[in-house]
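final_33.txt follows (compact mmCIF, C-alpha atoms and all ligand atoms):
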```txt
# COMPACT_ATOMS: atom_id res chain seq x y z
CA MET A 1 15.22 -23.52 -8.54
CA GLY A 2 15.29 -21.52 -11.79
CA PRO A 3 12.28 -19.71 -13.27
CA VAL A 4 9.30 -21.97 -13.94
CA VAL A 5 5.96 -21.58 -15.67
CA VAL A 6 2.78 -22.09 -13.67
CA ASP A 7 -0.67 -22.18 -15.24
CA ARG A 8 -3.69 -20.42 -13.76
CA SER A 9 -4.67 -23.66 -11.99
CA GLY A 10 -1.17 -23.64 -10.49
CA VAL A 11 -2.02 -20.41 -8.67
CA ASP A 12 -5.01 -22.23 -7.12
CA ALA A 13 -2.63 -25.01 -6.08
CA LEU A 14 -0.29 -22.43 -4.60
CA ILE A 15 -3.09 -21.07 -2.39
CA GLU A 16 -4.00 -24.60 -1.30
CA ALA A 17 -0.37 -25.44 -0.48
CA LEU A 18 0.03 -22.28 1.61
CA ALA A 19 -3.21 -23.01 3.49
CA ALA A 20 -2.06 -26.58 4.08
CA ASP A 21 1.12 -25.16 5.63
CA GLY A 22 -1.00 -23.24 8.15
CA TYR A 23 -0.92 -19.81 6.51
CA VAL A 24 -3.90 -17.50 6.38
CA VAL A 25 -3.75 -16.55 2.71
CA VAL A 26 -4.81 -13.00 1.88
CA GLY A 27 -5.12 -11.69 -1.64
CA PRO A 28 -7.23 -9.66 -4.03
CA THR A 29 -10.91 -10.38 -4.58
CA GLU A 30 -13.85 -8.34 -5.82
CA ARG A 31 -16.29 -7.03 -3.24
CA ASP A 32 -18.72 -4.11 -3.32
CA GLY A 33 -17.45 -2.86 -6.67
CA ALA A 34 -13.78 -2.75 -5.70
CA ILE A 35 -10.76 -5.05 -5.59
CA VAL A 36 -10.26 -5.60 -1.88
CA LEU A 37 -7.79 -7.70 0.10
CA ALA A 38 -9.42 -10.59 1.96
CA GLU A 39 -8.75 -14.11 3.14
CA LEU A 40 -8.72 -16.49 0.20
CA ARG A 41 -10.00 -19.99 0.77
CA CYS A 42 -9.59 -20.96 -2.88
CA GLY A 43 -8.31 -19.56 -6.15
CA ALA A 44 -11.85 -19.07 -7.48
CA GLN A 45 -12.06 -15.97 -5.27
CA LEU A 46 -9.33 -14.22 -7.26
CA PRO A 47 -10.62 -11.41 -9.53
CA ASP A 48 -10.15 -13.12 -12.91
CA GLY A 49 -11.27 -10.88 -15.74
CA ILE A 50 -11.72 -7.78 -13.58
CA GLY A 51 -9.70 -4.65 -14.25
CA VAL A 52 -10.03 -1.14 -12.89
CA ASP A 53 -10.62 2.28 -14.36
CA THR A 54 -9.02 4.98 -12.23
CA ALA A 55 -8.66 8.74 -12.37
CA PRO A 56 -8.33 11.43 -9.71
CA GLY A 57 -11.28 10.90 -7.36
CA HIS A 58 -12.50 7.98 -9.46
CA TYR A 59 -12.30 4.17 -9.16
CA ARG A 60 -14.45 1.62 -10.96
CA THR A 61 -14.01 -2.07 -11.67
CA VAL A 62 -14.35 -2.98 -15.34
CA PRO A 63 -14.60 -6.35 -17.07
CA ARG A 64 -11.54 -7.63 -18.98
CA ALA A 65 -11.94 -9.90 -21.95
CA ASP A 66 -8.56 -11.57 -21.39
CA GLY A 67 -9.49 -13.04 -17.99
CA ALA A 68 -6.26 -11.74 -16.39
CA THR A 69 -6.07 -12.24 -12.62
CA PHE A 70 -3.76 -9.46 -11.43
CA ALA A 71 -4.32 -6.78 -14.08
CA HIS A 72 -5.72 -4.24 -11.67
CA SER A 73 -3.84 -1.50 -9.88
CA ALA A 74 -3.96 -0.75 -6.15
CA GLY A 75 -7.40 -0.87 -4.58
CA PRO A 76 -8.73 1.04 -1.58
CA GLN A 77 -6.99 -1.22 0.90
CA SER A 78 -3.36 -2.03 1.45
CA TRP A 79 -1.46 -4.69 3.38
CA LYS A 80 -1.19 -2.11 6.19
CA GLN A 81 -4.55 -3.23 7.54
CA PHE A 82 -3.08 -6.61 8.46
CA LEU A 83 0.32 -5.45 9.73
CA HIS A 84 -0.93 -2.31 11.51
CA PRO A 85 -4.68 -2.87 12.07
CA PRO A 86 -7.10 0.07 12.11
CA ARG A 87 -7.98 -0.65 15.74
CA GLN A 88 -6.07 -2.60 18.36
CA ASP A 89 -6.81 -3.18 22.03
CA LEU A 90 -3.81 -2.25 24.19
CA TRP A 91 -4.87 -3.14 27.73
CA SER A 92 -7.77 -3.39 30.13
CA HIS A 93 -8.04 -2.95 33.88
CA ALA A 94 -10.63 -4.36 36.25
CA ASP A 95 -10.76 -5.48 39.89
CA GLY A 96 -7.25 -4.20 40.51
CA HIS A 97 -5.80 -6.20 37.63
CA TYR A 98 -4.06 -4.73 34.65
CA VAL A 99 -4.24 -7.03 31.62
CA PRO A 100 -2.22 -6.30 28.49
CA ALA A 101 -4.18 -7.16 25.36
CA THR A 102 -2.76 -10.07 23.41
CA GLU A 103 -3.58 -11.07 19.89
CA PRO A 104 -3.03 -14.63 18.68
CA ALA A 105 -0.17 -14.59 16.16
CA THR A 106 -1.38 -15.09 12.60
CA ARG A 107 0.81 -16.76 9.97
CA TRP A 108 0.06 -14.50 7.04
CA ALA A 109 0.70 -15.30 3.41
CA PHE A 110 0.15 -12.26 1.18
CA LEU A 111 -0.63 -13.12 -2.43
CA GLY A 112 -0.42 -10.56 -5.23
CA VAL A 113 1.85 -7.98 -3.62
CA ARG A 114 3.02 -5.41 -6.19
CA GLY A 115 6.39 -3.69 -6.21
CA CYS A 116 4.98 -0.51 -4.67
CA ASP A 117 3.30 -2.43 -1.88
CA LEU A 118 6.36 -4.59 -1.27
CA ALA A 119 8.27 -1.35 -0.67
CA ALA A 120 5.43 -0.10 1.54
CA ILE A 121 5.57 -3.26 3.67
CA ALA A 122 9.33 -2.77 4.09
CA THR A 123 8.82 0.89 4.99
CA LEU A 124 6.04 0.20 7.49
CA SER A 125 8.03 -2.64 9.06
CA ALA A 126 11.09 -0.40 9.45
CA VAL A 127 9.15 2.57 10.83
CA LEU A 128 7.09 0.55 13.32
CA SER A 129 9.83 -2.02 14.06
CA LEU A 130 7.41 -4.78 13.06
CA HIS A 131 8.82 -8.28 13.29
CA THR A 132 6.70 -10.05 10.78
CA ASP A 133 7.30 -13.32 9.05
CA VAL A 134 4.87 -12.97 6.20
CA PHE A 135 5.10 -15.35 3.24
CA VAL A 136 5.01 -13.01 0.25
CA VAL A 137 3.90 -13.94 -3.26
CA ALA A 138 4.72 -10.83 -5.24
CA VAL A 139 3.40 -9.86 -8.66
CA GLY A 140 5.31 -7.95 -11.31
CA CYS A 141 2.97 -5.38 -12.83
CA THR A 142 2.37 -5.84 -16.52
CA GLU A 143 -0.35 -3.20 -16.71
CA PRO A 144 0.00 -0.16 -14.46
CA GLY A 145 -3.02 1.93 -13.55
CA ALA A 146 -3.57 5.46 -14.75
CA LEU A 147 -2.53 6.82 -11.34
CA CYS A 148 0.56 4.68 -10.73
CA PHE A 149 4.00 6.27 -10.46
CA CYS A 150 6.05 3.49 -8.90
CA ALA A 151 8.73 3.80 -11.60
CA SER A 152 9.57 7.37 -10.63
CA ALA A 153 9.23 6.48 -6.94
CA GLY A 154 11.80 3.73 -7.51
CA THR A 155 9.62 0.89 -6.20
CA GLY A 156 8.33 -0.93 -9.29
CA PRO A 157 6.83 -2.19 -11.50
CA ALA A 158 9.15 -5.19 -11.02
CA PRO A 159 9.10 -6.26 -7.38
CA GLY A 160 12.34 -5.51 -5.54
CA GLY A 161 13.64 -7.96 -2.95
CA GLY A 162 11.77 -9.28 0.05
CA TYR A 163 9.47 -11.82 -1.58
CA ASP A 164 9.33 -15.60 -1.40
CA VAL A 165 7.82 -16.11 -4.86
CA ALA A 166 7.40 -13.58 -7.67
CA LEU A 167 4.82 -14.09 -10.41
CA THR A 168 4.60 -12.31 -13.73
CA GLU A 169 1.26 -12.84 -15.46
CA LEU A 170 0.97 -13.31 -19.22
CA VAL A 171 -2.07 -13.98 -21.37
CA ASP A 172 -1.13 -14.80 -24.96
CA ALA A 173 -1.84 -17.19 -27.79
CA THR A 174 -0.38 -20.05 -25.74
CA GLY A 175 -2.78 -19.44 -22.84
CA HIS A 176 -2.89 -17.84 -19.39
CA TRP A 177 0.38 -18.46 -17.58
CA PHE A 178 2.73 -17.05 -14.97
CA LEU A 179 6.48 -16.89 -14.87
CA ALA A 180 7.22 -17.95 -11.27
CA GLU A 181 10.53 -17.21 -9.59
CA ALA A 182 11.60 -18.17 -6.09
CA GLY A 183 13.12 -15.50 -3.85
CA SER A 184 13.78 -17.74 -0.82
CA ASP A 185 14.25 -21.39 0.09
CA ARG A 186 10.67 -21.67 1.31
CA GLY A 187 9.49 -20.05 -1.93
CA SER A 188 11.48 -22.63 -3.88
CA ASP A 189 9.96 -25.40 -1.76
CA LEU A 190 6.44 -24.08 -2.39
CA LEU A 191 6.96 -23.84 -6.14
CA GLY A 192 8.23 -27.41 -6.15
CA ARG A 193 4.88 -28.52 -4.73
CA VAL A 194 2.66 -26.99 -7.43
CA PRO A 195 2.40 -28.14 -11.03
CA ASN A 196 5.09 -26.33 -13.00
CA ARG A 197 7.45 -26.68 -15.94
CA PRO A 198 10.84 -25.06 -16.57
CA ALA A 199 10.55 -21.68 -18.27
CA THR A 200 12.22 -21.26 -21.63
CA GLU A 201 14.53 -18.33 -22.29
CA GLY A 202 11.84 -16.91 -24.56
CA GLN A 203 9.23 -17.04 -21.80
CA VAL A 204 11.57 -15.32 -19.33
CA ARG A 205 12.28 -12.61 -21.92
CA GLN A 206 8.57 -12.21 -22.66
CA ALA A 207 7.83 -11.68 -18.96
CA ARG A 208 10.68 -9.18 -18.55
CA ASP A 209 9.52 -7.30 -21.66
CA ALA A 210 5.94 -7.12 -20.33
CA VAL A 211 7.14 -5.50 -17.10
CA ALA A 212 9.44 -3.13 -19.01
CA THR A 213 6.50 -2.10 -21.20
CA ALA A 214 4.48 -1.39 -18.07
CA GLU A 215 7.25 0.86 -16.82
CA ALA A 216 7.16 2.78 -20.08
CA ASN A 217 3.36 3.15 -19.84
CA MET A 218 3.23 4.41 -16.26
CA GLY A 219 0.25 6.72 -15.81
CA ARG A 220 2.02 9.39 -13.76
CA SER A 221 5.47 10.43 -12.60
CA LEU A 222 7.10 12.63 -10.02
CA PRO A 223 9.02 15.58 -11.43
CA GLU A 224 12.69 14.75 -11.99
CA VAL A 225 13.84 16.91 -9.16
CA ASP A 226 15.08 16.35 -5.61
CA VAL A 227 11.60 16.36 -4.05
CA ARG A 228 13.07 16.15 -0.57
CA GLU A 229 14.91 19.44 -1.08
CA LEU A 230 12.07 21.04 -3.01
CA LEU A 231 9.55 20.57 -0.18
CA ARG A 232 12.05 21.41 2.53
CA ASP A 233 12.86 24.71 0.79
CA ASN A 234 9.29 25.78 0.02
CA PRO A 235 7.28 25.96 3.24
CA ASP A 236 5.82 29.26 2.03
CA SER A 237 4.83 28.15 -1.47
CA PRO A 238 1.54 29.77 -2.58
CA ARG A 239 0.47 26.29 -3.69
CA TRP A 240 -0.34 25.29 -0.09
CA ALA A 241 -3.14 27.88 0.03
CA ASP A 242 -4.26 26.83 -3.45
CA VAL A 243 -4.61 23.16 -2.50
CA ALA A 244 -6.38 24.14 0.73
CA GLN A 245 -9.17 25.65 -1.39
CA ARG A 246 -9.88 22.16 -2.71
CA CYS A 247 -8.90 19.85 0.16
CA VAL A 248 -11.78 19.04 2.51
CA ALA A 249 -9.41 17.58 5.15
CA CYS A 250 -11.25 14.25 5.14
CA GLY A 251 -8.09 12.21 5.77
CA ASN A 252 -8.92 9.62 3.08
CA CYS A 253 -5.44 9.99 1.61
CA THR A 254 -3.81 8.99 4.90
CA LEU A 255 -6.16 6.06 5.48
CA VAL A 256 -5.60 4.50 2.06
CA CYS A 257 -1.87 5.21 2.06
CA PRO A 258 0.07 1.99 2.65
CA THR A 259 2.74 3.77 4.71
CA CYS A 260 0.83 6.38 6.76
CA PHE A 261 1.03 5.02 10.28
CA CYS A 262 -0.29 7.68 12.69
CA THR A 263 -2.51 6.56 15.52
CA THR A 264 -4.27 7.94 18.55
CA THR A 265 -5.37 6.19 21.72
CA GLU A 266 -8.81 6.01 23.23
CA ASP A 267 -9.60 5.24 26.85
CA VAL A 268 -12.92 3.88 28.04
CA THR A 269 -13.94 3.68 31.68
CA ASP A 270 -17.18 2.50 33.20
CA LEU A 271 -18.89 3.32 36.47
CA ASP A 272 -17.45 0.19 38.11
CA GLY A 273 -13.95 1.49 37.57
CA ALA A 274 -13.08 -0.93 34.77
CA ALA A 275 -10.99 0.69 32.07
CA SER A 276 -9.52 -0.18 28.71
CA ARG A 277 -7.29 1.50 26.19
CA SER A 278 -7.23 0.95 22.46
CA GLN A 279 -5.27 2.38 19.57
CA ARG A 280 -6.82 3.41 16.26
CA TRP A 281 -5.61 4.94 13.04
CA ALA A 282 -5.61 8.72 13.05
CA SER A 283 -4.80 11.31 10.43
CA CYS A 284 -2.68 14.43 10.38
CA PHE A 285 -5.61 16.02 8.53
CA GLU A 286 -7.70 15.94 11.71
CA ARG A 287 -7.76 19.38 13.29
CA ASP A 288 -7.12 18.00 16.76
CA PHE A 289 -4.32 15.67 15.68
CA SER A 290 -1.80 18.36 16.67
CA PHE A 291 -3.72 19.42 19.76
CA ILE A 292 -1.60 20.34 22.75
CA HIS A 293 -2.51 22.60 25.68
CA GLY A 294 -4.18 25.69 24.28
CA GLY A 295 -5.33 24.16 21.00
CA PRO A 296 -4.10 22.59 17.79
CA ILE A 297 -0.79 23.65 16.25
CA ARG A 298 -1.96 23.18 12.66
CA LYS A 299 -5.29 25.00 12.57
CA SER A 300 -5.50 25.63 8.82
CA VAL A 301 -6.02 23.06 6.06
CA ASP A 302 -3.02 24.38 4.12
CA SER A 303 -0.76 23.77 7.12
CA ARG A 304 -2.12 20.25 7.47
CA TYR A 305 -1.71 19.41 3.77
CA ARG A 306 1.81 20.85 3.87
CA GLN A 307 2.59 18.75 6.94
CA TRP A 308 1.39 15.58 5.20
CA LEU A 309 3.16 16.09 1.90
CA THR A 310 6.38 17.45 3.38
CA HIS A 311 6.55 14.64 5.89
CA LYS A 312 5.91 11.91 3.33
CA LEU A 313 8.38 13.07 0.72
CA SER A 314 10.94 15.14 2.61
CA THR A 315 11.33 14.87 6.37
CA TRP A 316 10.55 11.15 6.23
CA HIS A 317 14.07 10.84 4.77
CA ASP A 318 15.50 12.61 7.83
CA GLN A 319 13.55 10.37 10.19
CA PHE A 320 13.64 7.03 8.48
CA GLY A 321 16.23 7.23 5.70
CA ARG A 322 13.70 6.72 2.91
CA SER A 323 10.69 8.31 1.25
CA GLY A 324 7.26 7.71 2.74
CA CYS A 325 5.68 7.54 -0.72
CA VAL A 326 5.91 4.39 -2.84
CA GLY A 327 3.96 5.71 -5.83
CA CYS A 328 0.87 3.49 -5.53
CA GLY A 329 -1.57 6.25 -6.54
CA ARG A 330 -4.20 5.32 -3.93
CA CYS A 331 -4.38 8.82 -2.44
CA ILE A 332 -5.22 10.22 -5.88
CA ALA A 333 -8.02 7.76 -6.62
CA TRP A 334 -9.63 7.99 -3.20
CA CYS A 335 -9.41 11.74 -2.68
CA PRO A 336 -13.04 12.87 -3.03
CA VAL A 337 -11.96 16.04 -4.81
CA GLY A 338 -9.26 14.40 -6.92
CA ILE A 339 -6.16 16.09 -5.51
CA ASP A 340 -3.17 14.56 -7.27
CA ILE A 341 0.06 14.37 -5.28
CA THR A 342 2.19 14.32 -8.45
CA GLU A 343 0.43 17.40 -9.79
CA GLU A 344 0.85 19.28 -6.51
CA ILE A 345 4.58 18.53 -6.38
CA GLY A 346 4.88 19.59 -10.02
CA ALA A 347 3.08 22.86 -9.26
CA ILE A 348 5.28 23.59 -6.24
CA ASN A 349 8.30 22.92 -8.43
CA ASP A 350 7.00 25.25 -11.15
CA GLN A 351 6.25 28.00 -8.65
CA ALA A 352 9.73 27.57 -7.18
CA GLY A 353 11.17 28.29 -10.60
CA GLY A 354 11.29 24.70 -11.87
CA ARG A 355 14.42 22.86 -10.89
CA THR A 356 14.03 20.24 -13.60
S1 LIG B 401 1.31 9.19 -0.64
FE1 LIG B 401 -0.24 8.44 -2.12
S2 LIG B 401 0.92 7.55 -3.83
FE2 LIG B 401 2.35 7.82 -2.10
S3 LIG B 401 2.34 5.80 -1.04
FE3 LIG B 401 0.78 7.10 -0.02
S4 LIG B 401 -1.16 6.64 -1.09
FE4 LIG B 401 0.51 5.85 -2.38
S1 LIG B 402 -6.04 15.64 -0.04
FE1 LIG B 402 -8.04 14.76 -0.62
S2 LIG B 402 -8.16 12.81 0.52
FE2 LIG B 402 -6.54 14.05 1.48
S3 LIG B 402 -7.57 15.15 3.15
FE3 LIG B 402 -7.61 16.52 1.35
S4 LIG B 402 -9.59 16.08 0.34
FE4 LIG B 402 -9.21 14.37 1.77
```

Can you turn what I pasted into structure tokens?
Amino acid sequence: MGPVVVDRSGVDALIEALAADGYVVVGPTERDGAIVLAELRCGAQLPDGIGVDTAPGHYRTVPRADGATFAHSAGPQSWKQFLHPPRQDLWSHADGHYVPATEPATRWAFLGVRGCDLAAIATLSAVLSLHTDVFVVAVGCTEPGALCFCASAGTGPAPGGGYDVALTELVDATGHWFLAEAGSDRGSDLLGRVPNRPATEGQVRQARDAVATAEANMGRSLPEVDVRELLRDNPDSPRWADVAQRCVACGNCTLVCPTCFCTTTEDVTDLDGAASRSQRWASCFERDFSFIHGGPIRKSVDSRYRQWLTHKLSTWHDQFGRSGCVGCGRCIAWCPVGIDITEEIGAINDQAGGRT
């Protein structure tokens, strides 16, 4: 199937068709003053007319006069919470029986996945060897947030591969419409079941231009330098001590990051001898995260910030053959003191003599 045009009501129909196929549809909705990801039972839950205002350490929803549905950048949550939940039971033991925890398999359909998050899902799946069969409805960004740098991270704003349907949202004099493109047979089948009409060449060009404009208006960028080499070669940069003066080691950046995957395990026993073990998200900013006999290896905040940044953008390549940062900007918005990963890399580059 070639590109088609779907109206706003067609997106509602798309959600209904996915639910009818047995998927649990998850997508953006407004809750508690933020765009969160939650189960969608109908299209009315989508955040029509809600945008976001972001800056380092700052995130607010703002009304939009155009009624756009997906014109908001990444919120506090990512798809990680569904693929790699914050807490998971591993096993329990009672009366001499060991019982592995089992979770019923969920057929997820993710709606509104941006290029950065599509890359994050691929990264997380590769790192954790996840075997997921998520139906993905991606969205090409037509309006990046002030903190986005997916273009320089090489992950957006157009979604790369790995989606079933890709939508590009346009609001113009002709109305509120979406260019819809199938990326798989099941995506093509789904589009065939919602009201649509063939897209004209002009509409396809208009959608491509809107995404290209978004790329040109990206709020932030990484320095044009080999960041992997830069961080590998500067473990003694004075910037690590500088950032440690501001960083409160809260771990927010790792929790909101769509690719940070570290966990710890917790055991619980009771007086009857029953026991259980669970896994929960952890953060390399926790002092005891690197605890071995005798104490933690990374006692100082500067060593923990250096560990995080160098792992994400440098040694991640050695381990996993890719960067651990997709340029979503979440860690900048949700850092309580507004530490900006792009600014820190730029400063390390400047102090190293500027390789750009
Ligand atoms: S490090 Fe920051 S910008 Fe990069 S993927 Fe994680 S949250 Fe997004
Ligand atoms: S960089 Fe910001 S979000 Fe991350 S641990 Fe430090 S203060 Fe918290």

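Proximity of A:Leu14, A:Cys253, A:Arg322, A:Arg107 to Trp308 of chain A, computed with only C-alpha atoms, is greatest for A:Cys253.
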
Please, what is the axis-aligned box for every listed atom of ligand LIG 401 (chain B) with 4 Å on each side, as centre and edge lengths in Å to one decimal, as AutoDock Vina command-line options?
```
--center_x 0.6 --center_y 7.5 --center_z -1.9 --size_x 11.5 --size_y 11.4 --size_z 11.8
```

Determine, counting all atoms listed in the file, which protein, DNA and RNA residues have an atom within 9 Å of an atom of Ser188 of chain A; residues of the same chain fewer than 3 positions away are not included. Present the result as a compact mmCIF listing (two decimals) with C-alpha atoms, in the coordinates of the input.
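Saved to around-v3.txt:
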```txt
# COMPACT_ATOMS: atom_id res chain seq x y z
CA MET A 1 15.22 -23.52 -8.54
CA GLY A 2 15.29 -21.52 -11.79
CA ASP A 164 9.33 -15.60 -1.40
CA VAL A 165 7.82 -16.11 -4.86
CA GLU A 181 10.53 -17.21 -9.59
CA ALA A 182 11.60 -18.17 -6.09
CA GLY A 183 13.12 -15.50 -3.85
CA SER A 184 13.78 -17.74 -0.82
CA ASP A 185 14.25 -21.39 0.09
CA LEU A 191 6.96 -23.84 -6.14
CA GLY A 192 8.23 -27.41 -6.15
CA ARG A 193 4.88 -28.52 -4.73
```

Selected residue, from A:Ala244, A:Val211, A:Ala275, A:Val6, that lies nearest to ligand LIG 402 (chain B) when counting all atoms listed in the file: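 Ranking A:Ala244, A:Val211, A:Ala275, A:Val6 by distance to ligand LIG 402 (chain B), first place goes to A:Ala244.
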
Kindly compile the residues surrounding ligand LIG 402 (chain B) within 7 Å, counting only C-alpha atoms and all ligand atoms, and format them as a list in words.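 Result of the 7 Å neighbour search around ligand LIG 402 (chain B): Arg246, Cys247, Val248, Ala249, Cys250, Gly251, Asn252, Cys253, Thr254, Phe285, Tyr305, Cys331, Trp334, Cys335, Pro336, Val337, Gly338 and Ile339 of chain A.
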
Kindly give the distance, in Å, that separates atom CA of Leu111 of chain A and atom CA of Thr29 of chain A, rounded to a single decimal.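 Between atom CA of Leu111 of chain A and atom CA of Thr29 of chain A the gap works out to 10.9 Å.
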
Could you tell me which of A:Trp240, A:Trp177, A:Phe149, A:Tyr163 comes closest to ligand LIG 401 (chain B) if we count all atoms listed in the file? A:Phe149

Write out as JSON, numbers by chain each polymer residue (protein, DNA or RNA) that has an atom no more than 6 Å from ligand LIG 401 (chain B), with only C-alpha atoms and all ligand atoms counted. {"A": [256, 257, 258, 325, 326, 327, 328, 329, 330, 331]}

Ala347 of chain A surroundings by all atoms listed in the file, 12 Å radius, close-in-sequence under 2 positions cut, as a list in words: Leu222, Pro223, Val227, Leu230, Leu231, Asn234, Ser237, Pro238, Arg239, Trp240, Asp242, Val243, Asp340, Ile341, Thr342, Glu343, Glu344, Ile345, Asn349, Asp350, Gln351, Ala352, Gly353, Gly354 and Arg355 of chain A

Please report the interatomic distance between atom CA of Asn217 of chain A and atom CA of Pro144 of chain A in Å with one decimal.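 Computed distance, atom CA of Asn217 of chain A to atom CA of Pro144 of chain A, equals 7.2 Å.
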